[in-house]
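Q: So I've got this file, model_27.txt, and it contains compact mmCIF, C-alpha atoms:
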```txt
# COMPACT_ATOMS: atom_id res chain seq x y z
CA MET A 1 -131.98 -110.26 196.70
CA SER A 2 -135.19 -108.45 195.81
CA SER A 3 -134.96 -104.71 195.18
CA THR A 4 -138.72 -104.16 195.47
CA LYS A 5 -139.41 -100.98 197.42
CA LYS A 6 -141.67 -101.32 200.45
CA PHE A 7 -144.07 -98.46 200.93
CA ASP A 8 -144.77 -96.99 204.35
CA ASN A 9 -148.55 -97.28 204.82
CA SER A 10 -148.50 -94.59 207.52
CA GLN A 11 -147.76 -92.01 204.83
CA ALA A 12 -150.94 -92.88 202.91
CA LEU A 13 -154.19 -91.05 203.60
CA ILE A 14 -157.50 -92.73 202.72
CA LEU A 15 -160.87 -90.99 202.75
CA ILE A 16 -163.79 -93.29 203.61
CA VAL A 17 -167.23 -92.09 202.50
CA ASP A 18 -170.23 -94.07 203.79
CA ASP A 19 -173.54 -93.07 205.37
CA LEU A 20 -173.59 -96.07 207.74
CA PRO A 21 -171.55 -95.59 210.96
CA GLN A 22 -170.95 -99.34 211.29
CA ASN A 23 -169.33 -99.45 207.86
CA LEU A 24 -167.10 -96.53 208.76
CA GLN A 25 -166.14 -98.30 211.98
CA VAL A 26 -165.33 -101.61 210.26
CA LEU A 27 -163.33 -100.01 207.43
CA GLY A 28 -161.55 -97.63 209.79
CA SER A 29 -160.54 -100.46 212.08
CA ILE A 30 -159.18 -102.59 209.22
CA LEU A 31 -157.17 -99.72 207.74
CA ARG A 32 -155.82 -98.37 211.03
CA LYS A 33 -154.54 -101.82 211.99
CA ASN A 34 -152.54 -101.72 208.78
CA LYS A 35 -151.13 -98.28 209.61
CA TYR A 36 -153.10 -96.23 207.08
CA GLN A 37 -154.20 -92.73 207.97
CA ILE A 38 -157.92 -92.23 207.50
CA ALA A 39 -160.44 -89.42 207.13
CA VAL A 40 -164.21 -89.98 207.05
CA ALA A 41 -167.33 -88.44 205.57
CA THR A 42 -170.88 -89.60 206.21
CA ASN A 43 -172.45 -88.35 202.97
CA GLY A 44 -171.58 -87.16 199.50
CA GLN A 45 -171.70 -83.44 200.19
CA GLN A 46 -169.56 -83.80 203.29
CA ALA A 47 -167.03 -85.71 201.21
CA LEU A 48 -166.82 -82.84 198.72
CA ASP A 49 -166.41 -80.36 201.57
CA VAL A 50 -163.68 -82.44 203.23
CA LEU A 51 -161.79 -82.64 199.95
CA ASN A 52 -161.47 -78.86 199.94
CA ASN A 53 -159.02 -79.26 202.82
CA ILE A 54 -157.26 -82.58 202.24
CA SER A 55 -155.77 -84.46 199.32
CA PRO A 56 -156.05 -88.19 200.03
CA ASP A 57 -154.14 -90.89 198.18
CA LEU A 58 -157.32 -92.97 197.80
CA ILE A 59 -161.07 -92.66 198.32
CA LEU A 60 -163.31 -95.55 199.39
CA LEU A 61 -166.70 -94.33 198.19
CA ASP A 62 -170.06 -95.88 198.99
CA VAL A 63 -172.39 -96.00 196.00
CA MET A 64 -175.77 -96.01 197.73
CA MET A 65 -176.12 -92.80 199.76
CA PRO A 66 -179.09 -90.43 200.13
CA GLU A 67 -179.27 -87.14 198.20
CA LEU A 68 -175.79 -87.27 196.62
CA ASP A 69 -174.89 -90.85 195.74
CA GLY A 70 -171.41 -92.20 195.08
CA HIS A 71 -171.74 -92.05 191.31
CA GLU A 72 -172.54 -88.32 191.40
CA VAL A 73 -169.70 -87.63 193.86
CA CYS A 74 -167.30 -89.46 191.55
CA ARG A 75 -168.58 -87.53 188.53
CA ARG A 76 -167.97 -84.21 190.29
CA LEU A 77 -164.51 -85.18 191.50
CA LYS A 78 -163.42 -86.24 188.04
CA ALA A 79 -164.69 -82.94 186.63
CA GLN A 80 -162.34 -80.91 188.86
CA GLU A 81 -158.66 -80.61 188.07
CA ARG A 82 -157.60 -80.66 191.72
CA THR A 83 -159.36 -83.97 192.48
CA ARG A 84 -159.37 -85.59 189.05
CA GLU A 85 -156.37 -87.83 189.67
CA ILE A 86 -157.44 -89.18 193.07
CA SER A 87 -158.08 -92.93 192.81
CA ILE A 88 -161.59 -94.03 193.77
CA ILE A 89 -162.69 -97.50 194.87
CA PHE A 90 -166.45 -97.93 194.99
CA LEU A 91 -168.03 -99.70 197.96
CA THR A 92 -171.17 -101.44 196.75
CA ALA A 93 -173.65 -104.10 197.76
CA LYS A 94 -174.45 -104.48 194.08
CA SER A 95 -172.43 -106.86 191.98
CA GLU A 96 -174.38 -106.58 188.72
CA THR A 97 -172.15 -106.06 185.71
CA SER A 98 -173.98 -102.89 184.65
CA ASP A 99 -173.31 -101.21 188.00
CA ILE A 100 -169.65 -102.19 187.96
CA VAL A 101 -169.24 -100.95 184.38
CA LYS A 102 -170.93 -97.64 185.27
CA GLY A 103 -168.45 -97.14 188.09
CA PHE A 104 -165.47 -97.70 185.78
CA GLU A 105 -166.99 -95.41 183.15
CA LEU A 106 -167.21 -92.65 185.74
CA GLY A 107 -163.50 -93.02 186.48
CA ALA A 108 -163.30 -95.41 189.42
CA VAL A 109 -160.24 -97.68 189.50
CA ASP A 110 -161.81 -100.60 191.38
CA TYR A 111 -164.72 -101.75 193.51
CA VAL A 112 -165.23 -103.75 196.71
CA THR A 113 -168.51 -105.53 197.47
CA LYS A 114 -170.28 -105.58 200.81
CA PRO A 115 -170.06 -107.28 203.23
CA PHE A 116 -166.33 -106.52 203.34
CA ASN A 117 -163.70 -109.20 203.16
CA ALA A 118 -160.71 -107.71 204.99
CA THR A 119 -158.10 -109.60 202.97
CA GLU A 120 -159.65 -108.58 199.64
CA LEU A 121 -160.12 -104.99 200.78
CA LEU A 122 -156.53 -104.63 201.93
CA ALA A 123 -155.18 -106.21 198.74
CA ARG A 124 -157.09 -103.77 196.55
CA VAL A 125 -156.20 -100.78 198.73
CA LYS A 126 -152.52 -101.74 198.76
CA THR A 127 -152.45 -102.14 194.97
CA HIS A 128 -153.90 -98.71 194.29
CA ILE A 129 -151.88 -96.94 197.00
CA GLU A 130 -148.68 -98.38 195.50
CA LEU A 131 -149.79 -97.44 191.98
CA LYS A 132 -150.48 -93.91 193.18
CA LYS A 133 -147.10 -93.61 194.88
CA ASN A 134 -145.33 -95.03 191.85
CA ARG A 135 -147.18 -92.53 189.68
CA ASP A 136 -146.10 -89.71 191.99
CA VAL A 137 -142.48 -90.83 191.73
CA ILE A 138 -142.72 -90.97 187.93
CA LEU A 139 -144.34 -87.53 187.73
CA LYS A 140 -141.63 -86.09 189.97
CA LEU A 141 -138.95 -87.62 187.78
CA ILE A 142 -140.67 -86.22 184.68
CA ASP A 143 -140.76 -82.74 186.25
CA GLU A 144 -137.07 -83.01 187.17
CA LEU A 145 -136.23 -84.25 183.68
CA GLU A 146 -138.15 -81.39 182.06
CA GLU A 147 -136.33 -78.90 184.28
CA LYS A 148 -132.97 -80.42 183.37
CA ASN A 149 -133.90 -80.36 179.69
CA LYS A 150 -134.70 -76.66 179.98
CA ILE A 151 -131.28 -76.09 181.51
CA LEU A 152 -129.61 -78.13 178.77
CA GLU A 153 -131.52 -76.25 176.08
CA LYS A 154 -130.36 -72.96 177.58
CA LEU A 155 -126.77 -74.17 177.83
CA ALA A 156 -126.88 -75.25 174.18
CA VAL A 157 -127.50 -71.67 173.05
CA THR A 158 -125.51 -69.84 175.74
CA ASP A 159 -121.88 -68.79 175.86
CA SER A 160 -120.43 -70.38 179.00
CA LEU A 161 -118.38 -67.34 180.07
CA THR A 162 -120.59 -64.34 179.33
CA ARG A 163 -123.98 -66.07 179.70
CA ILE A 164 -125.29 -64.48 176.52
CA PHE A 165 -126.20 -66.24 173.27
CA ASN A 166 -123.37 -68.12 171.61
CA HIS A 167 -122.16 -67.66 168.03
CA SER A 168 -124.50 -70.09 166.29
CA HIS A 169 -127.60 -69.02 168.16
CA ILE A 170 -127.16 -65.26 167.72
CA ILE A 171 -126.82 -65.81 163.96
CA ASP A 172 -129.93 -67.99 164.00
CA ARG A 173 -131.83 -65.33 165.93
CA LEU A 174 -130.67 -62.63 163.53
CA GLY A 175 -132.06 -64.64 160.61
CA LYS A 176 -135.43 -64.88 162.35
CA GLU A 177 -135.42 -61.18 163.21
CA ILE A 178 -134.70 -60.29 159.56
CA TYR A 179 -137.68 -62.38 158.47
CA ALA A 180 -139.96 -60.75 161.06
CA ALA A 181 -138.75 -57.24 160.22
CA ARG A 182 -139.39 -57.73 156.50
CA ARG A 183 -142.80 -59.21 157.19
CA HIS A 184 -143.88 -56.20 159.26
CA SER A 185 -141.88 -53.60 157.30
CA ASP A 186 -139.91 -52.73 160.44
CA PRO A 187 -136.37 -51.35 160.53
CA LEU A 188 -133.68 -53.63 161.94
CA SER A 189 -130.06 -52.86 162.73
CA ILE A 190 -127.06 -54.68 164.12
CA THR A 191 -123.78 -53.59 165.65
CA MET A 192 -120.64 -55.69 165.67
CA PHE A 193 -118.55 -54.67 168.69
CA ASP A 194 -114.91 -55.58 169.17
CA ILE A 195 -112.77 -54.98 172.28
CA ASP A 196 -109.79 -52.91 171.23
CA HIS A 197 -106.32 -54.46 171.67
CA PHE A 198 -107.75 -57.44 173.51
CA LYS A 199 -104.71 -59.63 172.82
CA GLN A 200 -102.56 -57.01 174.48
CA ILE A 201 -104.85 -57.09 177.54
CA ASN A 202 -104.43 -60.86 177.77
CA ASP A 203 -100.67 -60.67 177.25
CA THR A 204 -100.22 -57.91 179.85
CA TYR A 205 -102.69 -58.88 182.56
CA GLY A 206 -103.34 -62.56 181.89
CA HIS A 207 -106.33 -64.50 180.63
CA GLN A 208 -108.17 -64.33 183.94
CA VAL A 209 -108.31 -60.55 183.67
CA GLY A 210 -109.16 -60.95 179.99
CA ASP A 211 -112.19 -63.03 180.99
CA GLU A 212 -113.11 -60.38 183.57
CA VAL A 213 -113.03 -57.76 180.81
CA LEU A 214 -115.23 -59.88 178.55
CA VAL A 215 -117.84 -60.35 181.27
CA SER A 216 -117.78 -56.70 182.31
CA VAL A 217 -118.11 -55.42 178.73
CA THR A 218 -120.99 -57.85 178.21
CA ASN A 219 -122.81 -56.50 181.26
CA THR A 220 -122.20 -52.89 180.20
CA ILE A 221 -123.70 -53.56 176.78
CA LYS A 222 -126.69 -55.35 178.32
CA ASP A 223 -127.31 -52.46 180.72
CA VAL A 224 -127.68 -50.03 177.81
CA LEU A 225 -129.80 -52.26 175.58
CA ARG A 226 -133.58 -52.40 175.68
CA GLU A 227 -135.41 -55.58 176.64
CA ILE A 228 -136.35 -56.20 173.01
CA ASP A 229 -132.72 -56.12 171.84
CA ILE A 230 -130.59 -59.24 171.56
CA ILE A 231 -126.91 -59.78 172.28
CA GLY A 232 -124.59 -62.68 171.50
CA ARG A 233 -120.89 -63.45 171.66
CA TYR A 234 -119.89 -63.62 168.01
CA GLY A 235 -116.24 -64.53 168.54
CA GLY A 236 -113.43 -64.30 171.07
CA GLU A 237 -113.76 -60.59 171.84
CA GLU A 238 -116.54 -59.75 169.39
CA PHE A 239 -120.19 -59.16 170.27
CA LEU A 240 -123.16 -59.00 167.92
CA VAL A 241 -126.08 -56.85 169.02
CA VAL A 242 -129.43 -57.02 167.22
CA MET A 243 -131.61 -53.93 167.68
CA ARG A 244 -135.24 -54.49 166.79
CA LYS A 245 -137.34 -51.72 165.24
CA THR A 246 -134.24 -49.52 165.05
CA ASP A 247 -132.92 -47.64 162.04
CA ARG A 248 -129.29 -46.72 161.30
CA LYS A 249 -129.43 -43.45 163.25
CA GLY A 250 -131.03 -45.02 166.31
CA CYS A 251 -128.53 -47.86 166.25
CA TYR A 252 -125.64 -45.40 166.03
CA ILE A 253 -126.93 -43.40 169.03
CA ALA A 254 -127.32 -46.55 171.14
CA SER A 255 -123.95 -47.93 170.04
CA GLU A 256 -122.20 -44.65 170.86
CA ARG A 257 -123.74 -44.72 174.31
CA ILE A 258 -122.41 -48.25 174.81
CA ARG A 259 -118.96 -47.21 173.58
CA LYS A 260 -118.84 -44.28 176.01
CA GLU A 261 -120.03 -46.44 178.94
CA VAL A 262 -117.25 -48.95 178.28
CA GLU A 263 -114.64 -46.21 177.88
CA ALA A 264 -115.68 -44.59 181.17
CA GLN A 265 -115.42 -47.78 183.18
CA GLU A 266 -112.78 -47.85 185.90
CA TRP A 267 -110.73 -50.97 186.60
CA GLU A 268 -108.89 -52.24 189.66
CA HIS A 269 -105.89 -53.29 187.60
CA GLU A 270 -103.27 -50.55 187.28
CA GLY A 271 -102.98 -49.11 183.82
CA LEU A 272 -105.91 -51.09 182.41
CA HIS A 273 -108.14 -49.05 180.12
CA VAL A 274 -110.73 -50.78 177.93
CA THR A 275 -112.38 -49.40 174.82
CA ILE A 276 -114.48 -50.94 172.06
CA SER A 277 -115.01 -50.29 168.38
CA GLY A 278 -118.23 -50.93 166.50
CA GLY A 279 -119.60 -51.35 163.02
CA ILE A 280 -123.27 -51.06 162.06
CA GLY A 281 -125.36 -52.92 159.48
CA THR A 282 -129.03 -52.40 158.62
CA ILE A 283 -131.63 -54.07 156.44
CA GLU A 284 -131.31 -52.63 152.95
CA ASN A 285 -133.34 -54.89 150.65
CA ASP A 286 -135.83 -57.74 150.47
CA ASP A 287 -133.07 -60.27 149.88
CA GLU A 288 -131.28 -59.40 153.12
CA THR A 289 -129.72 -62.27 155.04
CA ALA A 290 -127.86 -62.61 158.32
CA ALA A 291 -124.64 -63.09 156.35
CA SER A 292 -125.10 -59.92 154.26
CA MET A 293 -125.92 -57.76 157.29
CA ILE A 294 -122.97 -59.13 159.26
CA LYS A 295 -120.69 -58.54 156.26
CA ARG A 296 -121.60 -54.84 156.16
CA ALA A 297 -121.26 -54.52 159.93
CA ASP A 298 -117.82 -56.16 159.68
CA GLU A 299 -116.77 -53.74 156.97
CA CYS A 300 -117.80 -50.81 159.17
CA LEU A 301 -115.97 -52.36 162.13
CA TYR A 302 -112.84 -52.59 160.00
CA MET A 303 -113.24 -48.87 159.22
CA SER A 304 -113.46 -48.14 162.95
CA LYS A 305 -110.15 -49.87 163.52
CA GLU A 306 -108.54 -48.20 160.53
CA ASN A 307 -109.68 -44.81 161.80
CA GLY A 308 -108.12 -45.20 165.22
CA ARG A 309 -110.44 -47.53 167.19
CA ASN A 310 -112.72 -46.54 170.09
CA ARG A 311 -115.34 -45.34 167.62
CA ILE A 312 -118.52 -46.44 165.82
CA GLU A 313 -118.80 -46.48 162.05
CA CYS A 314 -122.19 -46.84 160.41
CA GLY A 315 -121.39 -46.65 156.69
CA THR A 316 -123.64 -44.74 154.33
CA SER A 317 -127.42 -44.58 154.13
```
Show how you would write the structure in this file as structure tokens.
A:
Amino acid sequence: MSSTKKFDNSQALILIVDDLPQNLQVLGSILRKNKYQIAVATNGQQALDVLNNISPDLILLDVMMPELDGHEVCRRLKAQERTREISIIFLTAKSETSDIVKGFELGAVDYVTKPFNATELLARVKTHIELKKNRDVILKLIDELEEKNKILEKLAVTDSLTRIFNHSHIIDRLGKEIYAARRHSDPLSITMFDIDHFKQINDTYGHQVGDEVLVSVTNTIKDVLREIDIIGRYGGEEFLVVMRKTDRKGCYIASERIRKEVEAQEWEHEGLHVTISGGIGTIENDDETAASMIKRADECLYMSKENGRNRIECGTS
């Protein structure tokens, strides 16, 4: 059984451009009998005006017309982005090779000689209508594929629960930010945040509530950060925040604000109180790497925990 798709001619719109009424009548009759929709123009300028309001699947364009001939109309249509892709079949009484070649050079896809042979005309029209519809299907599939690829690319760098950058991508971004900061002699700071006693939260309230805490803390951090700052989920309950053009003092002020916002949050679950600890790292030399900055931030985070948690440690200048 053949799986060839049959196209519905009634969905195809063809613009006929010819200065002779009898030609318009003959062509219109042939096409209507085969269920094509048609629009007409009696000269080149009228065709250009009509095309401001419609977007046909195919144009049958007479070559020999007064003032604005078919070749010039074709040239103008191919010069405009909106009409560039419309297929054009020239209608011509000329069959000299040079005229045919000129038509193809201008961008026409085919030609039909006068007087019209209905069978030949319909065969050529059908071919180019089907090519156009196939092209439309392919372009739609390409657009859908590109959109899906964008989604996949985002998923590849995004933590599935918190919807922020995942571990590998936040480290990659930090490396790029270090390079940019050194290049422009800008300050750059990071804070490693950790939710205090997170295992106890999971053990007491369950993992579903633990996930709720992770998402809520994420959103609280994001609400405080500037648009130029970057946040990623570094580990289970750890978050890495990259603060562009921010020195140690500025990073500490912002991190303290985040800590206080988290501490002040009220929860529906009885007895649940969430706090976070943080450790800060800044660029200190020309050989700085993501690993070295994270190491210093981790050391400061460890100090925060040793000193009672729910605090920010920034080390020494």
Q: For Asn166 of chain A, find every residue with an atom within 7 Å (counting all atoms listed in the file), except residues of its own chain fewer than 6 positions away, and show them as a short mmCIF file (atom, residue, chain, number, x, y, z; two decimals) with C-alpha atoms, in the coordinates of the input.
A:
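Final output, saved to part.cif:
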```cif
data_model
loop_
_atom_site.label_atom_id
_atom_site.label_comp_id
_atom_site.auth_asym_id
_atom_site.auth_seq_id
_atom_site.Cartn_x
_atom_site.Cartn_y
_atom_site.Cartn_z
CA VAL A 157 -127.50 -71.67 173.05
CA THR A 158 -125.51 -69.84 175.74
CA ASP A 159 -121.88 -68.79 175.86
CA GLY A 232 -124.59 -62.68 171.50
CA ARG A 233 -120.89 -63.45 171.66
CA TYR A 234 -119.89 -63.62 168.01
#
```
Q: Which residues of segment 125-164 of chain A come within 12 Å of segment 22-44 of chain A, and what is each one's closest atom pair and distance in Å (one decimal), counting all atoms listed in the file, sorted by chain and residue number, as a Markdown table?
A:
```
| residue | atom | partner | partner_atom | distance |
| --- | --- | --- | --- | --- |
| A:Val125 | CA | A:Leu31 | CA | 9.1 |
| A:Lys126 | CA | A:Tyr36 | CA | 10.0 |
| A:Ile129 | CA | A:Tyr36 | CA | 10.2 |
```
Q: Looking at only C-alpha atoms, which of A:Ser292, A:Thr191, A:Thr275, A:Gln45 is the one that sits closest to Ser255 of chain A?
A: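 Checking each candidate against Ser255 of chain A, we get A:Thr191 as the closest.
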Q: What's the 12 Å shell around Leu131 of chain A, counting all atoms listed in the file, without same-chain residues fewer than 2 positions away, as a PyMOL selection string?
A: chain A and resi 7+12+57-58+85-87+109+124-129+133-138
Q: Do you have the atom CA of Glu270 of chain A-atom CA of Ser216 of chain A distance handy?
A: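 Here the two named atoms are 16.5 Å from each other.
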Q: Let me make sure I understand: among A:Ile16, A:Ala180, A:Ile170, A:Ile190, which one has the smallest atom-to-atom distance to Ile88 of chain A if we use all atoms listed in the file?
A: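 Among A:Ile16, A:Ala180, A:Ile170, A:Ile190, it is A:Ile16 that comes nearest to Ile88 of chain A.
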Q: Mind checking which residues fall within 12 Å of Glu237 of chain A, counting all atoms listed in the file, ignoring those fewer than 5 positions away in the same chain, and posting them as a PyMOL selection string?
A: chain A and resi 161-162+167+192-199+201-202+210-218+232+274-278
Q: Segment 70-82 of chain A: which residues within 12 Å, counting all atoms listed in the file, same-chain residues fewer than 5 positions away excluded, as a ChimeraX atom specification?
A: /A:16-19,41-49,51-56,59-65,87-92,99-109,111
Q: Let me make sure I understand: among A:Pro66, A:Gly206, A:Pro187, A:Pro115, which one has the smallest atom-to-atom distance to His269 of chain A if we use only C-alpha atoms?
A: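 With only C-alpha atoms as the atom set, the closest residue is A:Gly206.
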Q: Given the choices A:Ile221, A:Val241, A:Cys314, A:Ile178, which gets closest to Ala291 of chain A if the distance is worked out from only C-alpha atoms?
A: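 The answer is A:Ile178, which sits nearest to Ala291 of chain A.
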Q: Could you work out how far atom CA of Lys176 of chain A lies from atom CA of Ala254 of chain A, giving the answer in Å with one decimal?
A: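 Computing it gives 21.9 Å between the two atoms.
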Q: Could you state the separation of atom CA of His169 of chain A and atom CA of Ala156 of chain A in Å, given to one decimal place?
A: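 Atom CA of His169 of chain A sits 8.7 Å away from atom CA of Ala156 of chain A.
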Q: Using only C-alpha atoms, determine which residues lie at most 10 Å from Ile230 of chain A, disregarding the query and same-chain residues fewer than 5 positions distant; provide the list as a PyMOL selection string.
A: chain A and resi 164-165+170+173-174+177+190+222+225+240-244
Q: Write a file of the selected residues as an mmCIF file, in the coordinates of the input, keeping C-alpha atoms.
A:
```
data_model
loop_
_atom_site.group_PDB
_atom_site.id
_atom_site.type_symbol
_atom_site.label_atom_id
_atom_site.label_comp_id
_atom_site.auth_asym_id
_atom_site.auth_seq_id
_atom_site.Cartn_x
_atom_site.Cartn_y
_atom_site.Cartn_z
ATOM 1 C CA ILE A 164 -125.290 -64.480 176.520
ATOM 2 C CA PHE A 165 -126.200 -66.240 173.270
ATOM 3 C CA ILE A 170 -127.160 -65.260 167.720
ATOM 4 C CA ARG A 173 -131.830 -65.330 165.930
ATOM 5 C CA LEU A 174 -130.670 -62.630 163.530
ATOM 6 C CA GLU A 177 -135.420 -61.180 163.210
ATOM 7 C CA ILE A 190 -127.060 -54.680 164.120
ATOM 8 C CA LYS A 222 -126.690 -55.350 178.320
ATOM 9 C CA LEU A 225 -129.800 -52.260 175.580
ATOM 10 C CA LEU A 240 -123.160 -59.000 167.920
ATOM 11 C CA VAL A 241 -126.080 -56.850 169.020
ATOM 12 C CA VAL A 242 -129.430 -57.020 167.220
ATOM 13 C CA MET A 243 -131.610 -53.930 167.680
ATOM 14 C CA ARG A 244 -135.240 -54.490 166.790
#
```
Q: Around the point (-131.0, -51.9, 159.9) in the file's coordinates, collect all residues with an atom within 12 Å, using all atoms listed in the file, and return them as a PyMOL selection string.
A: chain A and resi 174+177-178+181-182+185-191+241-252+279-285+288-290+292-294+296-297+314-317
